[in-house]
Amino acid sequence: MIQVKKEGILLAGTANGFENEGVLNPAVIEDNGVIHLFYRAVSRGNYSSIGYCKLSDPLTIEYRSDCPLLFPQLDYESRGVEDPRISKIDGLFFLSYTAYDGVNALGALAISGDLLHFEKMGLIVPQIAYEEFSHLAESKAVINEKYLRYNEIRNIRENLGRKLLIWDKNVVFFPKRINGKICFLHRIRPDIQLVAVNELHELTAEYWQHYFLHFDEYIVMAPKYKHEVSYIGAGCPPVETAHGWLLIYHGVHDTVDGYVYSAGAALLDLQQPQKEISRLPYALFKPELEWELTGEVNNVCFPTGCIRRGDRLYIYYGAADERIATASVNIHELLDELLKYKI
């Protein structure tokens, strides 16, 4: 098994109002030698915004803002902007996040040229009810029965007068165009799916109708092993390597003590990222330490960002939905291990 070093807690909540209930699930990017970290900050009442800090090295905070960088402003994100990820494409920074309105949780995007000022581009995933999704997706092939289990019925009242939509989260952009296309992973439970378009304005209602008619063709990964048997989701933006796109993702196992969230690792084909090359048959790392086992949500290691420094890959993750921690691994050893399990 691959050796992972738990580097410890990097960031915890403060008395500041926007993050006094905890911090978690950060986006991380290194640009011109500077490491930028954008994290989900939670205030009382479970309202989320995105905070910012700068690191002098992978494990040291140099500067931390005392106010949020992004916060709820629009109707579709009225209860929170959550779980950011960030990639740089064509000289622009793509910061994806989950927009939550109290009923629906959907992938949204903000774009920046300088990492200081972000323009919100709106929702970029389909806004579709489960009934329409299943009608389209099952017109060609039978889909996994877990789609019904996780998406048809949710214990949420339409108390805001909002239509219940299928939740589509964990939007993660590849850090370059692939065959000229902008590509991103997203997650309608229980699987990870892929989108590839020339430009984002192509993501119309008609596009999504066609997408769901051929839905089985866009499923990249499905739950496979015990530690991820319930569902999986994209975690960190993929890292380009000579062997393929290295994807650090999360897997979920429903146990008698509730859901357990672990980090997994897989390789996707460089030119055909919808093709899985290999996957570790065990969790890369899982909740083991007190601050991963106990918190706002127990038993959670939720990876959302990573950077490479030399031979080491630093993985940033939410620990028990209350704090941010870091783990590191030798990337060459990880790739060698993955290549033992080629599909």
# chains A, B, ... in the order shown; residues from 1 in each chain; ligands from 1
>>> residues_around(residues="Lys342 in chain A", least_positions_apart="2", cutoff="9 Å", atoms="only C-alpha atoms", output="PyMOL selection string")
chain A and resi 267+276-279+338-340
>>> write_last_selection(atoms="N, CA and C atoms", output="PDB file, in the first residue's frame")
ATOM      1  N   LEU A 267      -6.388   7.089 -12.364  1.00  0.00           N
ATOM      2  CA  LEU A 267      -5.775   7.670 -13.547  1.00  0.00           C
ATOM      3  C   LEU A 267      -6.779   7.658 -14.686  1.00  0.00           C
ATOM      4  N   GLU A 276     -11.171   5.569 -17.934  1.00  0.00           N
ATOM      5  CA  GLU A 276     -10.416   5.290 -16.714  1.00  0.00           C
ATOM      6  C   GLU A 276      -9.312   4.274 -17.017  1.00  0.00           C
ATOM      7  N   ILE A 277      -8.094   4.591 -16.604  1.00  0.00           N
ATOM      8  CA  ILE A 277      -6.948   3.706 -16.835  1.00  0.00           C
ATOM      9  C   ILE A 277      -6.736   2.774 -15.656  1.00  0.00           C
ATOM     10  N   SER A 278      -6.783   3.330 -14.444  1.00  0.00           N
ATOM     11  CA  SER A 278      -6.544   2.526 -13.248  1.00  0.00           C
ATOM     12  C   SER A 278      -7.146   3.222 -12.036  1.00  0.00           C
ATOM     13  N   ARG A 279      -7.263   2.448 -10.964  1.00  0.00           N
ATOM     14  CA  ARG A 279      -7.815   2.980  -9.718  1.00  0.00           C
ATOM     15  C   ARG A 279      -7.274   2.160  -8.553  1.00  0.00           C
ATOM     16  N   LEU A 338      -0.522   2.905  -8.700  1.00  0.00           N
ATOM     17  CA  LEU A 338      -1.707   2.914  -9.560  1.00  0.00           C
ATOM     18  C   LEU A 338      -1.526   2.024 -10.783  1.00  0.00           C
ATOM     19  N   LEU A 339      -0.340   2.028 -11.361  1.00  0.00           N
ATOM     20  CA  LEU A 339      -0.100   1.258 -12.571  1.00  0.00           C
ATOM     21  C   LEU A 339      -0.137  -0.247 -12.326  1.00  0.00           C
ATOM     22  N   LYS A 340      -0.150  -0.663 -11.063  1.00  0.00           N
ATOM     23  CA  LYS A 340      -0.325  -2.076 -10.748  1.00  0.00           C
ATOM     24  C   LYS A 340      -1.774  -2.523 -10.939  1.00  0.00           C
TER      25      LYS A 340
END
>>> residues_around(residues="Val42 in chain A", least_positions_apart="5", cutoff="8 Å", atoms="only C-alpha atoms", output="number ranges by chain")
A: 18-23, 47-49
>>> write_last_selection(atoms="N, CA and C atoms", output="PDB file, in the first residue's frame")
ATOM      1  N   PHE A  18     -18.045  35.274   9.670  1.00  0.00           N
ATOM      2  CA  PHE A  18     -18.296  34.472   8.469  1.00  0.00           C
ATOM      3  C   PHE A  18     -17.746  33.052   8.580  1.00  0.00           C
ATOM      4  N   GLU A  19     -16.920  32.768   9.595  1.00  0.00           N
ATOM      5  CA  GLU A  19     -16.301  31.439   9.704  1.00  0.00           C
ATOM      6  C   GLU A  19     -16.275  30.922  11.136  1.00  0.00           C
ATOM      7  N   ASN A  20     -17.245  31.357  11.930  1.00  0.00           N
ATOM      8  CA  ASN A  20     -17.212  30.971  13.335  1.00  0.00           C
ATOM      9  C   ASN A  20     -17.772  29.579  13.607  1.00  0.00           C
ATOM     10  N   GLU A  21     -18.269  28.910  12.572  1.00  0.00           N
ATOM     11  CA  GLU A  21     -18.732  27.533  12.725  1.00  0.00           C
ATOM     12  C   GLU A  21     -17.774  26.525  12.099  1.00  0.00           C
ATOM     13  N   GLY A  22     -16.732  27.011  11.429  1.00  0.00           N
ATOM     14  CA  GLY A  22     -15.759  26.092  10.874  1.00  0.00           C
ATOM     15  C   GLY A  22     -15.326  26.449   9.469  1.00  0.00           C
ATOM     16  N   VAL A  23     -14.270  25.789   9.015  1.00  0.00           N
ATOM     17  CA  VAL A  23     -13.745  25.961   7.662  1.00  0.00           C
ATOM     18  C   VAL A  23     -13.485  24.575   7.088  1.00  0.00           C
ATOM     19  N   TYR A  47     -24.665  29.155   6.922  1.00  0.00           N
ATOM     20  CA  TYR A  47     -24.476  29.946   5.707  1.00  0.00           C
ATOM     21  C   TYR A  47     -22.994  29.885   5.331  1.00  0.00           C
ATOM     22  N   SER A  48     -22.730  29.585   4.084  1.00  0.00           N
ATOM     23  CA  SER A  48     -21.349  29.411   3.641  1.00  0.00           C
ATOM     24  C   SER A  48     -20.910  30.513   2.696  1.00  0.00           C
ATOM     25  N   SER A  49     -19.653  30.908   2.855  1.00  0.00           N
ATOM     26  CA  SER A  49     -19.004  31.830   1.935  1.00  0.00           C
ATOM     27  C   SER A  49     -17.618  31.265   1.652  1.00  0.00           C
TER      28      SER A  49
END
>>> residues_around(residues="range 233-237 of chain A", least_positions_apart="3", cutoff="10 Å", atoms="only C-alpha atoms", output="ChimeraX atom specification")
/A:25-29,83-87,169-175,184-193,221-223,228,240,245-252,263-265,302-307,315-317
>>> atom_distance(atom1="CA of Ile166 in chain A", atom2="CA of Glu131 in chain A")
9.1 Å
>>> residues_around(residues="Glu217 in chain A", least_positions_apart="4", cutoff="10 Å", atoms="only C-alpha atoms", output="PDB file with N, CA and C atoms, in the first residue's frame")
ATOM      1  N   GLN A 193     -19.268  12.096 -13.795  1.00  0.00           N
ATOM      2  CA  GLN A 193     -19.508  12.266 -15.223  1.00  0.00           C
ATOM      3  C   GLN A 193     -18.587  13.344 -15.801  1.00  0.00           C
ATOM      4  N   LEU A 194     -18.495  13.374 -17.128  1.00  0.00           N
ATOM      5  CA  LEU A 194     -17.611  14.305 -17.838  1.00  0.00           C
ATOM      6  C   LEU A 194     -18.397  15.176 -18.804  1.00  0.00           C
ATOM      7  N   TYR A 211     -27.309  15.444 -23.881  1.00  0.00           N
ATOM      8  CA  TYR A 211     -26.357  14.801 -22.960  1.00  0.00           C
ATOM      9  C   TYR A 211     -27.023  13.638 -22.229  1.00  0.00           C
ATOM     10  N   PHE A 212     -28.198  13.883 -21.692  1.00  0.00           N
ATOM     11  CA  PHE A 212     -28.858  12.840 -20.916  1.00  0.00           C
ATOM     12  C   PHE A 212     -29.414  11.722 -21.794  1.00  0.00           C
ATOM     13  N   LEU A 213     -29.726  12.014 -23.038  1.00  0.00           N
ATOM     14  CA  LEU A 213     -30.141  10.952 -23.958  1.00  0.00           C
ATOM     15  C   LEU A 213     -29.012   9.950 -24.195  1.00  0.00           C
ATOM     16  N   GLN A 274     -12.590  10.553 -20.445  1.00  0.00           N
ATOM     17  CA  GLN A 274     -13.728   9.738 -20.034  1.00  0.00           C
ATOM     18  C   GLN A 274     -13.330   8.282 -19.832  1.00  0.00           C
TER      19      GLN A 274
END
>>> select_by_dssp(residues="range 19-120 of chain A", states="strand (DSSP E or B)", output="number ranges by chain")
A: 22-31, 34-43, 47-57, 60-64, 70, 80-89, 92-100, 105-112, 118-120
>>> closest_residue(among="A:Tyr52, A:Tyr341, A:Tyr39, A:Phe215", to="Ala141 in chain A", atoms="only C-alpha atoms")
A:Phe215
>>> atom_distance(atom1="CA of Arg79 in chain A", atom2="CA of Leu148 in chain A")
25.9 Å
>>> decode(residues="range 92-114 of chain A", atoms="N, CA and C atoms", output="tab-separated table (two decimals), in the first residue's frame")
chain	number	residue	atom	x	y	z
A	92	LEU	N	-6.94	32.21	-17.59
A	92	LEU	CA	-7.98	32.63	-16.65
A	92	LEU	C	-8.15	31.59	-15.56
A	93	PHE	N	-8.54	32.04	-14.38
A	93	PHE	CA	-8.76	31.15	-13.26
A	93	PHE	C	-10.25	30.80	-13.18
A	94	PHE	N	-10.54	29.52	-13.23
A	94	PHE	CA	-11.91	29.01	-13.17
A	94	PHE	C	-12.14	28.49	-11.75
A	95	LEU	N	-12.94	29.19	-10.97
A	95	LEU	CA	-13.27	28.76	-9.62
A	95	LEU	C	-14.71	28.24	-9.63
A	96	SER	N	-14.84	26.93	-9.53
A	96	SER	CA	-16.16	26.32	-9.48
A	96	SER	C	-16.57	26.14	-8.02
A	97	TYR	N	-17.86	26.18	-7.77
A	97	TYR	CA	-18.35	26.01	-6.41
A	97	TYR	C	-19.77	25.49	-6.45
A	98	THR	N	-20.25	25.05	-5.30
A	98	THR	CA	-21.64	24.61	-5.19
A	98	THR	C	-22.48	25.77	-4.68
A	99	ALA	N	-23.51	26.09	-5.44
A	99	ALA	CA	-24.45	27.13	-5.06
A	99	ALA	C	-25.65	26.46	-4.38
A	100	TYR	N	-25.97	26.91	-3.19
A	100	TYR	CA	-27.05	26.30	-2.41
A	100	TYR	C	-28.09	27.35	-2.06
A	101	ASP	N	-29.34	27.06	-2.37
A	101	ASP	CA	-30.42	28.03	-2.12
A	101	ASP	C	-31.34	27.59	-0.99
A	102	GLY	N	-30.94	26.58	-0.26
A	102	GLY	CA	-31.78	26.06	0.81
A	102	GLY	C	-32.55	24.83	0.39
A	103	VAL	N	-32.68	24.61	-0.91
A	103	VAL	CA	-33.37	23.44	-1.45
A	103	VAL	C	-32.49	22.67	-2.43
A	104	ASN	N	-31.90	23.40	-3.37
A	104	ASN	CA	-31.11	22.78	-4.42
A	104	ASN	C	-29.63	23.14	-4.30
A	105	ALA	N	-28.77	22.18	-4.63
A	105	ALA	CA	-27.31	22.37	-4.62
A	105	ALA	C	-26.79	22.08	-6.02
A	106	LEU	N	-26.25	23.12	-6.68
A	106	LEU	CA	-25.87	23.01	-8.08
A	106	LEU	C	-24.52	23.68	-8.33
A	107	GLY	N	-23.79	23.14	-9.32
A	107	GLY	CA	-22.47	23.66	-9.64
A	107	GLY	C	-22.54	25.01	-10.33
A	108	ALA	N	-21.72	25.95	-9.85
A	108	ALA	CA	-21.66	27.29	-10.41
A	108	ALA	C	-20.20	27.64	-10.67
A	109	LEU	N	-19.97	28.78	-11.34
A	109	LEU	CA	-18.62	29.15	-11.75
A	109	LEU	C	-18.39	30.64	-11.56
A	110	ALA	N	-17.17	30.97	-11.11
A	110	ALA	CA	-16.69	32.35	-11.10
A	110	ALA	C	-15.33	32.37	-11.78
A	111	ILE	N	-15.05	33.42	-12.53
A	111	ILE	CA	-13.82	33.51	-13.32
A	111	ILE	C	-13.04	34.75	-12.91
A	112	SER	N	-11.70	34.62	-12.88
A	112	SER	CA	-10.85	35.74	-12.50
A	112	SER	C	-9.60	35.75	-13.37
A	113	GLY	N	-9.05	36.95	-13.57
A	113	GLY	CA	-7.78	37.08	-14.25
A	113	GLY	C	-6.63	37.33	-13.31
A	114	ASP	N	-6.95	37.64	-12.02
A	114	ASP	CA	-5.90	38.04	-11.09
A	114	ASP	C	-6.01	37.39	-9.71
